[in-house]
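> Attaching a single structure in structure tokens format; questions to follow.
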Amino acid sequence: MELVQMQKSLQDYTKSLFLDGVLDSQFLQLQQLQDESNPDFVSQVVTLFFQDSDRILNDLSLSLDQQVVDFKKVDPHVHQLKGSSSSIGAQRVKNACVVFRNFCEQQNVEGCHRCLQQVKKEYYLVKNRLETLFKLEQQIVASGGMIPAMELGF
Amino acid sequence: MVNVRKFVTSRPIFVFFLLAFLVIVFGCIPVTIWLRTTKNVTDGIVFCTEGLRSSLVSDIENIGKFTYQKTSSSTTGLANIIDSYLTNNDTHFKKIQTQVAPVLFKAYLTIPQVSQVSYISTDGLLFSYKTELNASVAVFANSSSGKGDYTWYTQTVDQITGRLTGNATKSKPVDFESTDVTHKDWFQAAQRNHTTAFVGPGLGGEVNEAMFQSVVSLYSKKGAVSLGFPVKTLIDSLNRLHLKGGELYLWTKEGTLIVPGRSLNATFFISNGSICFGRESSHCIPGNCSSRGYQVEIGRLKFQAFCSVLEVSGVPLRYTLMFPNKERGPSIGSASLYLLVATMLLGLCWPLGFVACMVNAAGREMHMRATLIKQMEATQQAERKSMNKSQAFARASHDIRGSLAGITGLIDLCHESEEVRRGSNLESRLKLVNGCTKDLLDLLNSVLDTSKIESGNMQLKEEEFNLAKLVEDVIDFFHPVAMKKGVDVVLDMHDGSVFKCSNVRGDGGKLKQILNNLVSNAVKFTVEGHISIRAWAQRTSSNVILAPDNEGGLSKFSKKSKDQAGSMSNSIRNNGNMMEFVFEVDDTGKGIPMEMRKSVFENYVQVRETDQGQQGTGLGLGIVQSLVRLMGGEIRIIDKAMGEKGTCFQFNVLLSAASESQVSRQDTEEGEHMPWAINTSSGGSMSIRNMSPRLHNWLSSSPKQERSRVVLLMKDGERRRVTEKYIKSLGIKVTVVKKWEHLNHVLERLGFSRQGSMGRNESLSSSSRELPLIGMDGIDSRSQTPKRTRHGFSPALLVVIDAETGRFLELYDIVEQFRRGLHHGHSCKVVWLNDRGHGSLRGDISCSKPLHGSCLNRVLKMLPEFGGTEPKEDKQGAFKPSEDELLSGKRVLLVDDDRITSSIATIKLKKMGASEVKQCYNGKEAVRLVSEWLTQREHGEGGSSEVLLPLDYIFMDCQMPEMNGYEATREIRKMEEKYGGGLHIPIIAVSGHDHGSTEARETIQAGMDAFLEKTLNHDQLAKVIREIASKWEYASIRFTASWMKHLSAFSSSTNFRKKASSILGRFSFFNALTSD
């Protein structure tokens, strides 16, 4: 009984993530790619994403705090973050990155700072949510249940 | 002009005064001249009138002077004579009568003009002679009493002697107051002054007319002598004067008027020596008025009066000459004044008006400019907005397409997964979802195309494709849809010219899009009838001639192609290989009303009346038009003949024909598209390069040669007509059967059957007798028929039957019966057109596709004229690699700096069957890896698997640190060149950008083979890999083969030789496949 409830709450939670726009279909694709040969594929990729993003955000903060901001250094970082976030399906991070890049092109330090904050905010949001999601999944797995497949037609 | 206007508008007041000044100056000059002239004229007139007046005055004075000249001297002389006669003091009347009277009478006679001669003694006695009524009388006064009392007598006289004759009659005295003349003033004045003169009546007598009297007293103081002259004489002479409109008044000092004016009847009196008119003294002319003239106004008339004194026989007379003052006076002076004032006014008003006009005009212009500027700003803003919108579209499209790709990908995944069972509801729904997604994608693409065209980003690809196949594909795609509605879609190859040069270079995708759009529209709007698609080719010349019947479109087109900055058009012109292809899509739908025809090509426009709940954005035709223009052509709606329904779109495009070698190779590959000779209806055979030699012989040798015959039994009229025309154009006889019931009859009459051949058709039967016939079972006829002509084949009968025209079994019976009754040696082949695949059981051919294009060609190929080959059964979908096999056994290098993307892609590629996915994280690494492989392969003869290409594909991210994808690709390509011989590792760019973006183009420029979006969509990947495979397989195998040969020549290892030979075998097989 409890398991079913857990599964349902996981489903609801995942749905809410999509409805909030935190994640997009790319994440679903990731889940679809996960199979017997790669049982922990999603969590691996997401962990990679967290590692990379932490590093990138750190670098970005450093570069932007410089006296003279070198946009040639900033831009690839943002690009990379955009790429990885879009691969993972972290839609809102990706969108923030798009705006960020525009400011980079305009060499707008003020805007970049603001965007960095925005990106960080979105990143921590998605990180938080995904960690919760994984925790839920782990709980289900620990109690011997199956992780329900996402419905496509939400 | 503009400067002047500006100047005027800036300082209107200054200009106003300037203009006023100018006008006054220029106006004053003529006025001054005119004034001077008039002054001269006035002066002249004044001078003239002055002269006239003075001459008049002198005339009057002359008259006065000369009328009674020397009167006083005559009187004085007379007085002296009488004085001498009166010596003594006693003056008695008798004495006077005797002594003085004869003297008086002599004087009376001698002195000219005198009318009275008198002697008056101091004591009052008087004797005088006087002219009275043309007779002379004597008047005398005698005093009987001596003193004071006188009696006056008048007595006639003898005219010669002067003696008194007849009786003396008493007469009146001079006046009634006194009979004594001595009391008179004048007598006393004469006594005092010796002489005096006056005007007065005559002395005594019956008639006393006024006279000038000159009186001289004697020295002896005894009396006085008086001479009287008539005033009338003077008046007469004065009256004779021509006064030129003037009036003359003459009066004495005492106020007696002598000469009155003629016309002035006004009351007139003389007071104080001045002459007055009317009752008021204001109209008086003073007597001493000088000759300068005096203005006087009488009544309404103005006069100028001149006064003077005239002395006539010593009597001073005053006269006044008056001239009416008409033309002179204020008229001239005031006229010039008026003129001047008018000039001034004009000078002020005209520039005022001018300035007002200018200011008004300037104001209007300013207003208009302001409006224009506003409008332009609005336009610019609108343009900017539109641009932004387009850009936003393009940007949004990227994301939307990503999501759509996601959805399709997910659906694909669902299909793959085992949870979805085949045939389940879920699967069918998934299919529906897939269809919806595709529709959505189409819609999105059409919107995108529009925005791309709008922003001018649309680029044409240059790729080789088979035009005939493309057209046929389009029609085959729509055929089932249309057939569901009962509408037939017919491909009309016209004269087959498209087949001649079906291999062309150009943008096949876009052309397909155009055709798809037009045909789908036609299908959408046609409820009954048919849709025919016609296509033909023609050579382009510098002046493109489209078709003889559409000059309008022609001029438009040729102009367009000149204008179109298009490098394309220019290259087309320069390229001799350019062909023009004309397409017509003709339907029998509702048609487009005349007035909508122009706007139908505009974006977002749909024809209301035909809309009927049809969906669509209305973008289709707009895109089509843009695409057609992009390809150097023009699209328009052709007028149909009266009474025909529907719409006919015609468009033409320019495509370059592929080079000869490619064509020939492709032809052999394609096989089914027959590059045939076309025998024109006029009988002349067009020389076509790819004509089959047999056919050529046959066509050119003998017209008497029996030809094969095709019997067509088809339901749809249009298709029947088109097919018949096409087959006829190939030089094959065609018999058309309209109803299945007639089939039997027609077949019998053809002359192929045993019983009905004789005498039916001379040429048919004779030739069929002449020619030994081949067996119907496909046995080589040449061995059996020794009498065969050198042309080597016999005619055959091909029966094409649409199975839906009648009941299949009955039809089949008829055919079977006919076949049994055939002459031995005649071949009869039957083609069934149906979906169900009957007939193939009995050795007949069944054709499920619509009979046109390649299908028709395949069928016709069964005729001996075209080789007599049996068509292969349709093997559609024979080679359709399943998705798992797509990359089966392939080794892939994945270059991406993003670990996450990289790991996802790895999984995906592995799922697609890749045997090995190697990852590296930047371009440099990739280059290093490739170079390692290449060197390893050259040196090491080791693993045989390494002998072929080290890698099958490289998936290259574009933007990477250290070395980006473009650079890496260039490096790799450079390395490959060093090895030569056509080594080419396919590199597929993977990027977050979408197709058609500049980045995508850059990748191709950098030497990459294809472009994929990051989502790694299955279908896209499959398409790309197939393209690459077809393009490079041949090259790579050839390269490997040459490499093999090279190696095996030096290698002693038998093992290696064995492997090499097996690979070489593969190569030769491939070679045989691809090159003919």
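Residue names in the structure tokens use chain letters A, B, ... in the order shown, residue numbers from 1 in each chain, and ligand numbers from 1 in the order shown.
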Taking only C-alpha atoms into account, report as a ChimeraX atom specification which residues of chain B lie within 9 Å of chain A.
/B:403,406-407,409-411,413-414,897-901,903-904,907-908,911,959-961,992,1014-1015
> With only C-alpha atoms as the counted atoms, please give the residues lying no more than 6 Å from Phe212 (chain B), apart from itself and same-chain residues fewer than 6 positions off, as an MDAnalysis selection string.
chainID B and resid 198:199 228:229
> May I ask for the distance between CA of Gln155 (chain B) and CA of Gln97 (chain B), given in Å to one decimal place?
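Between CA of Gln155 (chain B) and CA of Gln97 (chain B) the gap works out to 12.7 Å.
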> Within 10 Å of Val523 (chain B), counting only C-alpha atoms, which residues show up once you throw out same-chain ones fewer than 6 positions away? Write them as a list of chain:residue names, please.
B:Phe478, B:His479, B:Val481, B:Ala482, B:Met483, B:Lys485, B:Val487, B:Asp488, B:Val489, B:Asn517, B:His530, B:Ile531, B:Asp587, B:Thr588, B:Gly589
> Can you list, as a ChimeraX atom specification, all residues belonging to chain A that DSSP tags as alpha helix (DSSP H)?
/A:2-20,25-33,41-65,71-88,91-106,109-142
> Would you compute the distance between CA of Asn167 (chain B) and CA of Lys184 (chain B)? Give it in Å to one decimal.
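For CA of Asn167 (chain B) relative to CA of Lys184 (chain B), the distance reads 28.3 Å.
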> Which distance in Å separates CA of Val420 (chain B) and CA of Gly402 (chain B), to one decimal?
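Pair CA of Val420 (chain B) / CA of Gly402 (chain B) returns 24.4 Å.
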> When distances are computed from only C-alpha atoms, which of A:Ile147, A:Lys15, A:Asn108, A:Thr132 shows the smallest separation from Pro39 (chain A)?
A:Ile147
> Rank B:Phe21, B:Val711, B:Cys958, B:Ser417 by their smallest atom-to-atom distance to Asp35 (chain A), using only C-alpha atoms, and report the top residue only.
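Looking at the shortest contact to Asp35 (chain A), the residue is B:Ser417.
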